[in-house]
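Asks: Coordinates in start.pdb, PDB, C-alpha atoms, are listed below.
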```pdb
MODEL        1
ATOM      1  CA  MET A   1      16.205 376.299   1.944  1.00  0.00           C
ATOM      2  CA  HIS A   2      17.399 372.839   3.020  1.00  0.00           C
ATOM      3  CA  GLU A   3      16.996 369.711   0.999  1.00  0.00           C
ATOM      4  CA  PRO A   4      14.782 366.954   2.493  1.00  0.00           C
ATOM      5  CA  SER A   5      16.575 364.547   4.781  1.00  0.00           C
ATOM      6  CA  PRO A   6      17.407 361.254   3.129  1.00  0.00           C
ATOM      7  CA  SER A   7      16.525 359.467   6.416  1.00  0.00           C
ATOM      8  CA  ASN A   8      12.843 359.796   7.087  1.00  0.00           C
ATOM      9  CA  ASN A   9      11.408 358.671  10.412  1.00  0.00           C
ATOM     10  CA  LEU A  10      14.897 358.019  11.818  1.00  0.00           C
ATOM     11  CA  LYS A  11      14.945 356.368  15.242  1.00  0.00           C
ATOM     12  CA  CYS A  12      18.618 356.581  16.202  1.00  0.00           C
ATOM     13  CA  SER A  13      21.921 357.710  14.624  1.00  0.00           C
ATOM     14  CA  ASN A  14      25.578 357.610  15.720  1.00  0.00           C
ATOM     15  CA  GLN A  15      28.000 360.309  14.562  1.00  0.00           C
ATOM     16  CA  THR A  16      31.404 359.159  13.332  1.00  0.00           C
ATOM     17  CA  ASP A  17      34.395 361.003  12.031  1.00  0.00           C
ATOM     18  CA  ARG A  18      33.484 360.034   8.498  1.00  0.00           C
ATOM     19  CA  ILE A  19      30.637 362.574   8.370  1.00  0.00           C
ATOM     20  CA  PRO A  20      32.219 365.934   7.123  1.00  0.00           C
ATOM     21  CA  ARG A  21      29.755 368.272   8.861  1.00  0.00           C
ATOM     22  CA  THR A  22      29.447 370.125  12.111  1.00  0.00           C
ATOM     23  CA  PRO A  23      27.250 368.530  14.787  1.00  0.00           C
ATOM     24  CA  ILE A  24      24.480 371.104  14.340  1.00  0.00           C
ATOM     25  CA  GLU A  25      24.409 370.655  10.597  1.00  0.00           C
ATOM     26  CA  VAL A  26      24.465 366.892  10.965  1.00  0.00           C
ATOM     27  CA  LYS A  27      21.657 367.014  13.455  1.00  0.00           C
ATOM     28  CA  ASN A  28      19.598 369.313  11.292  1.00  0.00           C
ATOM     29  CA  SER A  29      20.275 367.177   8.218  1.00  0.00           C
ATOM     30  CA  LEU A  30      19.474 363.834   9.794  1.00  0.00           C
ATOM     31  CA  LEU A  31      16.651 364.840  12.073  1.00  0.00           C
ATOM     32  CA  GLU A  32      14.804 367.226   9.796  1.00  0.00           C
ATOM     33  CA  SER A  33      12.216 364.633   8.909  1.00  0.00           C
ATOM     34  CA  SER A  34      12.576 362.609  12.180  1.00  0.00           C
ATOM     35  CA  PRO A  35      11.822 364.899  15.112  1.00  0.00           C
ATOM     36  CA  SER A  36      11.393 361.937  17.550  1.00  0.00           C
ATOM     37  CA  ALA A  37      14.767 360.346  16.745  1.00  0.00           C
ATOM     38  CA  THR A  38      17.703 360.192  19.176  1.00  0.00           C
ATOM     39  CA  PHE A  39      21.034 361.609  18.137  1.00  0.00           C
ATOM     40  CA  ILE A  40      24.179 360.075  19.684  1.00  0.00           C
ATOM     41  CA  LYS A  41      27.543 361.680  19.130  1.00  0.00           C
ATOM     42  CA  ASP A  42      30.663 359.559  19.621  1.00  0.00           C
ATOM     43  CA  LEU A  43      33.476 361.662  20.964  1.00  0.00           C
ATOM     44  CA  PRO A  44      37.043 360.722  20.021  1.00  0.00           C
ATOM     45  CA  GLN A  45      38.692 358.670  22.731  1.00  0.00           C
ATOM     46  CA  VAL A  46      42.040 359.819  24.032  1.00  0.00           C
ATOM     47  CA  PRO A  47      44.336 356.870  24.667  1.00  0.00           C
ATOM     48  CA  HIS A  48      44.953 356.512  28.379  1.00  0.00           C
ATOM     49  CA  LYS A  49      48.540 356.008  29.364  1.00  0.00           C
ATOM     50  CA  ARG A  50      48.753 353.484  32.165  1.00  0.00           C
ATOM     51  CA  SER A  51      51.186 354.150  34.910  1.00  0.00           C
ATOM     52  CA  ARG A  52      53.558 351.612  36.377  1.00  0.00           C
ATOM     53  CA  LEU A  53      51.386 351.394  39.474  1.00  0.00           C
ATOM     54  CA  ASP A  54      48.283 350.822  37.336  1.00  0.00           C
ATOM     55  CA  ALA A  55      50.142 348.126  35.431  1.00  0.00           C
ATOM     56  CA  ASP A  56      51.268 346.504  38.651  1.00  0.00           C
ATOM     57  CA  ASN A  57      47.785 346.807  40.096  1.00  0.00           C
ATOM     58  CA  GLY A  58      46.366 345.333  36.917  1.00  0.00           C
ATOM     59  CA  THR A  59      48.847 342.499  36.972  1.00  0.00           C
ATOM     60  CA  MET A  60      48.115 341.896  40.639  1.00  0.00           C
ATOM     61  CA  ALA A  61      44.389 342.042  40.000  1.00  0.00           C
ATOM     62  CA  SER A  62      44.803 339.642  37.122  1.00  0.00           C
ATOM     63  CA  THR A  63      46.878 337.367  39.332  1.00  0.00           C
ATOM     64  CA  LEU A  64      44.291 337.609  42.090  1.00  0.00           C
ATOM     65  CA  ASP A  65      41.547 336.888  39.592  1.00  0.00           C
ATOM     66  CA  LYS A  66      43.481 333.866  38.355  1.00  0.00           C
ATOM     67  CA  GLU A  67      44.079 332.740  41.926  1.00  0.00           C
ATOM     68  CA  LYS A  68      40.430 333.244  42.742  1.00  0.00           C
ATOM     69  CA  GLN A  69      39.498 331.333  39.624  1.00  0.00           C
ATOM     70  CA  GLN A  70      41.952 328.590  40.516  1.00  0.00           C
ATOM     71  CA  THR A  71      40.640 328.550  44.084  1.00  0.00           C
ATOM     72  CA  LYS A  72      37.112 328.407  42.745  1.00  0.00           C
ATOM     73  CA  THR A  73      38.114 325.617  40.407  1.00  0.00           C
ATOM     74  CA  VAL A  74      39.828 323.754  43.256  1.00  0.00           C
ATOM     75  CA  ASP A  75      36.758 324.226  45.457  1.00  0.00           C
ATOM     76  CA  GLU A  76      34.495 322.991  42.685  1.00  0.00           C
ATOM     77  CA  GLU A  77      36.775 320.012  42.080  1.00  0.00           C
ATOM     78  CA  LYS A  78      36.859 319.374  45.824  1.00  0.00           C
ATOM     79  CA  ARG A  79      33.065 319.505  46.041  1.00  0.00           C
ATOM     80  CA  THR A  80      32.811 317.280  42.978  1.00  0.00           C
ATOM     81  CA  LEU A  81      35.315 314.843  44.480  1.00  0.00           C
ATOM     82  CA  GLU A  82      33.500 314.920  47.825  1.00  0.00           C
ATOM     83  CA  ALA A  83      30.198 314.268  46.065  1.00  0.00           C
ATOM     84  CA  LYS A  84      31.807 311.423  44.118  1.00  0.00           C
ATOM     85  CA  VAL A  85      33.323 309.982  47.297  1.00  0.00           C
ATOM     86  CA  PHE A  86      29.943 310.312  49.049  1.00  0.00           C
ATOM     87  CA  MET A  87      28.244 308.501  46.174  1.00  0.00           C
ATOM     88  CA  GLN A  88      30.921 305.803  46.238  1.00  0.00           C
ATOM     89  CA  ASP A  89      30.548 305.467  50.019  1.00  0.00           C
ATOM     90  CA  GLN A  90      26.789 305.233  49.593  1.00  0.00           C
ATOM     91  CA  LEU A  91      27.240 302.629  46.866  1.00  0.00           C
ATOM     92  CA  ILE A  92      29.690 300.679  49.035  1.00  0.00           C
ATOM     93  CA  ALA A  93      27.277 300.906  51.981  1.00  0.00           C
ATOM     94  CA  ASP A  94      24.418 299.667  49.783  1.00  0.00           C
ATOM     95  CA  LYS A  95      26.547 296.810  48.448  1.00  0.00           C
ATOM     96  CA  LYS A  96      27.692 295.996  51.982  1.00  0.00           C
ATOM     97  CA  ALA A  97      24.094 295.957  53.197  1.00  0.00           C
ATOM     98  CA  MET A  98      23.129 293.755  50.256  1.00  0.00           C
ATOM     99  CA  LEU A  99      26.024 291.394  50.994  1.00  0.00           C
ATOM    100  CA  GLU A 100      25.047 291.300  54.666  1.00  0.00           C
ATOM    101  CA  ALA A 101      21.452 290.508  53.676  1.00  0.00           C
ATOM    102  CA  MET A 102      22.676 287.790  51.302  1.00  0.00           C
ATOM    103  CA  LYS A 103      24.956 286.453  54.051  1.00  0.00           C
ATOM    104  CA  VAL A 104      22.059 286.386  56.523  1.00  0.00           C
ATOM    105  CA  GLN A 105      19.843 284.625  53.978  1.00  0.00           C
ATOM    106  CA  HIS A 106      22.634 282.120  53.211  1.00  0.00           C
ATOM    107  CA  GLU A 107      23.196 281.466  56.912  1.00  0.00           C
ATOM    108  CA  LYS A 108      19.442 281.107  57.365  1.00  0.00           C
ATOM    109  CA  ARG A 109      19.269 278.579  54.534  1.00  0.00           C
ATOM    110  CA  MET A 110      22.279 276.712  55.944  1.00  0.00           C
ATOM    111  CA  LEU A 111      20.675 276.684  59.403  1.00  0.00           C
ATOM    112  CA  LYS A 112      17.403 275.398  57.957  1.00  0.00           C
ATOM    113  CA  ALA A 113      19.282 272.694  56.053  1.00  0.00           C
ATOM    114  CA  LYS A 114      21.208 271.747  59.212  1.00  0.00           C
ATOM    115  CA  LEU A 115      18.014 271.634  61.272  1.00  0.00           C
ATOM    116  CA  HIS A 116      16.399 269.522  58.565  1.00  0.00           C
ATOM    117  CA  GLU A 117      19.328 267.096  58.647  1.00  0.00           C
ATOM    118  CA  GLN A 118      19.198 267.002  62.448  1.00  0.00           C
ATOM    119  CA  ASP A 119      15.452 266.318  62.312  1.00  0.00           C
ATOM    120  CA  LYS A 120      16.101 263.474  59.869  1.00  0.00           C
ATOM    121  CA  ILE A 121      18.821 262.048  62.143  1.00  0.00           C
ATOM    122  CA  ILE A 122      16.550 262.374  65.194  1.00  0.00           C
ATOM    123  CA  ALA A 123      13.707 260.704  63.296  1.00  0.00           C
ATOM    124  CA  GLN A 124      16.013 257.865  62.235  1.00  0.00           C
ATOM    125  CA  GLN A 125      17.339 257.468  65.775  1.00  0.00           C
ATOM    126  CA  LYS A 126      13.784 257.518  67.107  1.00  0.00           C
ATOM    127  CA  LEU A 127      12.762 254.881  64.578  1.00  0.00           C
ATOM    128  CA  LEU A 128      15.786 252.744  65.483  1.00  0.00           C
ATOM    129  CA  HIS A 129      14.984 253.160  69.177  1.00  0.00           C
ATOM    130  CA  GLU A 130      11.349 252.267  68.574  1.00  0.00           C
ATOM    131  CA  ASN A 131      12.419 249.251  66.527  1.00  0.00           C
ATOM    132  CA  ALA A 132      14.825 248.187  69.268  1.00  0.00           C
ATOM    133  CA  MET A 133      12.108 248.634  71.890  1.00  0.00           C
ATOM    134  CA  LEU A 134       9.678 246.707  69.734  1.00  0.00           C
ATOM    135  CA  GLU A 135      12.171 243.901  69.218  1.00  0.00           C
ATOM    136  CA  GLU A 136      12.875 243.804  72.928  1.00  0.00           C
ATOM    137  CA  LYS A 137       9.154 243.782  73.660  1.00  0.00           C
ATOM    138  CA  MET A 138       8.632 241.010  71.143  1.00  0.00           C
ATOM    139  CA  GLN A 139      11.463 239.041  72.728  1.00  0.00           C
ATOM    140  CA  VAL A 140       9.875 239.489  76.152  1.00  0.00           C
ATOM    141  CA  GLN A 141       6.523 238.456  74.737  1.00  0.00           C
ATOM    142  CA  ASP A 142       8.119 235.425  73.069  1.00  0.00           C
ATOM    143  CA  LYS A 143       9.663 234.474  76.402  1.00  0.00           C
ATOM    144  CA  VAL A 144       6.339 234.918  78.140  1.00  0.00           C
ATOM    145  CA  ILE A 145       4.578 232.868  75.462  1.00  0.00           C
ATOM    146  CA  ALA A 146       7.265 230.198  75.697  1.00  0.00           C
ATOM    147  CA  ALA A 147       6.906 230.105  79.486  1.00  0.00           C
ATOM    148  CA  GLN A 148       3.137 229.939  79.154  1.00  0.00           C
ATOM    149  CA  LYS A 149       3.475 227.113  76.644  1.00  0.00           C
ATOM    150  CA  VAL A 150       5.756 225.254  79.016  1.00  0.00           C
ATOM    151  CA  MET A 151       3.344 225.886  81.853  1.00  0.00           C
ATOM    152  CA  LEU A 152       0.437 224.729  79.716  1.00  0.00           C
ATOM    153  CA  GLU A 153       2.356 221.629  78.684  1.00  0.00           C
ATOM    154  CA  THR A 154       3.168 220.962  82.308  1.00  0.00           C
ATOM    155  CA  MET A 155      -0.452 221.504  83.321  1.00  0.00           C
ATOM    156  CA  LYS A 156      -1.566 219.282  80.459  1.00  0.00           C
ATOM    157  CA  LEU A 157       0.835 216.582  81.506  1.00  0.00           C
ATOM    158  CA  GLN A 158      -0.268 216.916  85.102  1.00  0.00           C
ATOM    159  CA  ASN A 159      -3.919 216.757  84.082  1.00  0.00           C
ATOM    160  CA  GLU A 160      -3.256 213.769  81.861  1.00  0.00           C
ATOM    161  CA  LYS A 161      -1.346 212.150  84.744  1.00  0.00           C
ATOM    162  CA  ARG A 162      -4.229 212.779  87.126  1.00  0.00           C
ATOM    163  CA  MET A 163      -6.678 211.446  84.572  1.00  0.00           C
ATOM    164  CA  LEU A 164      -4.491 208.397  84.005  1.00  0.00           C
ATOM    165  CA  GLU A 165      -4.152 207.826  87.729  1.00  0.00           C
ATOM    166  CA  ALA A 166      -7.906 208.118  88.130  1.00  0.00           C
ATOM    167  CA  LYS A 167      -8.422 205.656  85.316  1.00  0.00           C
ATOM    168  CA  ILE A 168      -5.934 203.267  86.865  1.00  0.00           C
ATOM    169  CA  GLN A 169      -7.705 203.625  90.185  1.00  0.00           C
ATOM    170  CA  ARG A 170     -11.022 202.844  88.551  1.00  0.00           C
ATOM    171  CA  GLN A 171      -9.534 199.854  86.814  1.00  0.00           C
ATOM    172  CA  ASP A 172      -7.967 198.694  90.067  1.00  0.00           C
ATOM    173  CA  ALA A 173     -11.342 199.014  91.725  1.00  0.00           C
ATOM    174  CA  ILE A 174     -12.999 197.019  88.961  1.00  0.00           C
ATOM    175  CA  ILE A 175     -10.310 194.347  89.206  1.00  0.00           C
ATOM    176  CA  ALA A 176     -10.702 194.267  92.947  1.00  0.00           C
ATOM    177  CA  GLU A 177     -14.462 193.843  92.603  1.00  0.00           C
ATOM    178  CA  GLN A 178     -13.970 191.104  90.076  1.00  0.00           C
ATOM    179  CA  GLN A 179     -11.456 189.339  92.308  1.00  0.00           C
ATOM    180  CA  LYS A 180     -13.840 189.628  95.226  1.00  0.00           C
ATOM    181  CA  ALA A 181     -16.681 188.219  93.141  1.00  0.00           C
ATOM    182  CA  MET A 182     -14.498 185.363  92.004  1.00  0.00           C
ATOM    183  CA  MET A 183     -13.541 184.598  95.608  1.00  0.00           C
ATOM    184  CA  GLU A 184     -17.187 184.601  96.615  1.00  0.00           C
ATOM    185  CA  ALA A 185     -17.981 182.342  93.649  1.00  0.00           C
ATOM    186  CA  ARG A 186     -15.208 179.936  94.636  1.00  0.00           C
ATOM    187  CA  LYS A 187     -16.433 179.818  98.224  1.00  0.00           C
ATOM    188  CA  LEU A 188     -19.962 179.035  97.033  1.00  0.00           C
ATOM    189  CA  LEU A 189     -18.666 176.441  94.646  1.00  0.00           C
ATOM    190  CA  HIS A 190     -16.618 174.850  97.463  1.00  0.00           C
ATOM    191  CA  VAL A 191     -19.611 174.769  99.689  1.00  0.00           C
ATOM    192  CA  GLU A 192     -21.713 173.169  97.023  1.00  0.00           C
ATOM    193  CA  ILE A 193     -19.034 170.604  96.290  1.00  0.00           C
ATOM    194  CA  VAL A 194     -18.698 169.737  99.990  1.00  0.00           C
ATOM    195  CA  THR A 195     -22.463 169.460 100.257  1.00  0.00           C
ATOM    196  CA  GLU A 196     -22.677 167.214  97.255  1.00  0.00           C
ATOM    197  CA  LEU A 197     -19.923 165.002  98.637  1.00  0.00           C
ATOM    198  CA  GLY A 198     -21.709 164.766 101.989  1.00  0.00           C
ATOM    199  CA  ASN A 199     -24.899 163.746 100.330  1.00  0.00           C
ATOM    200  CA  ILE A 200     -23.076 161.083  98.354  1.00  0.00           C
ATOM    201  CA  ASP A 201     -21.459 159.626 101.480  1.00  0.00           C
ATOM    202  CA  GLY A 202     -24.722 159.597 103.358  1.00  0.00           C
TER
ENDMDL
END
```
Let me see the file written as structure tokens.
Replies:
Amino acid sequence: MHEPSPSNNLKCSNQTDRIPRTPIEVKNSLLESSPSATFIKDLPQVPHKRSRLDADNGTMASTLDKEKQQTKTVDEEKRTLEAKVFMQDQLIADKKAMLEAMKVQHEKRMLKAKLHEQDKIIAQQKLLHENAMLEEKMQVQDKVIAAQKVMLETMKLQNEKRMLEAKIQRQDAIIAEQQKAMMEARKLLHVEIVTELGNIDG
């Protein structure tokens, strides 16, 4: 009659060389109270003697693995470098575009400032031209006014001359009438005197 198994409800067990029993006895001892458990027996491993060819193949495989790893590392570094270069190119392109935009804006501001200065110069020149034209017009008008004044003075003098001549003519006519009247008066007086003398003699 067997003693109860010290491992109740065992799920899994590995056999090692430290258990001093045969496999059947071990199995019966461990699985007596655990019929659903799995029993795994580790067999002793015999050291495998590698041949020269296996060693060479292993060395070659290791070398190939290292080369593949190095190649993989180089490819990864290359991709990383390419990505970095692409990012730098993109950054440079962005900065270049920004500088071009700033340059265009600066040139636009400079052009606006230049146009503004040109407009100011044109306005000043226009004002100077208008002032010169106005001065010239005023000079012409002054000349015209001066000529008109001279003409008016001349006309006034001529009118005054005509009026004076007419006045002189009227005075001459009055004097002539007076002289005529005086002559008539003298004749009458002479006649009277002669008549008076004749009456005295008679």
Asks: Record the distance separating CA of Ile174 in chain A and CA of Lys187 in chain A, expressed in Å with one decimal.
Replies: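 Calculated distance between CA of Ile174 in chain A and CA of Lys187 in chain A is 19.8 Å.
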Asks: What is the distance between CA of Leu152 in chain A and CA of Val140 in chain A, in Å to one decimal?
Replies: 17.9 Å
Asks: Output, as lines of an AutoDock Vina configuration file, the centre and edge lengths in Å (one decimal) of the axis-aligned box that contains all listed atoms of range 69-82 of chain A with 5 Å of margin on each side.
Replies:
```
center_x = 37.4
center_y = 323.1
center_z = 43.7
size_x = 19.1
size_y = 26.5
size_z = 18.2
```
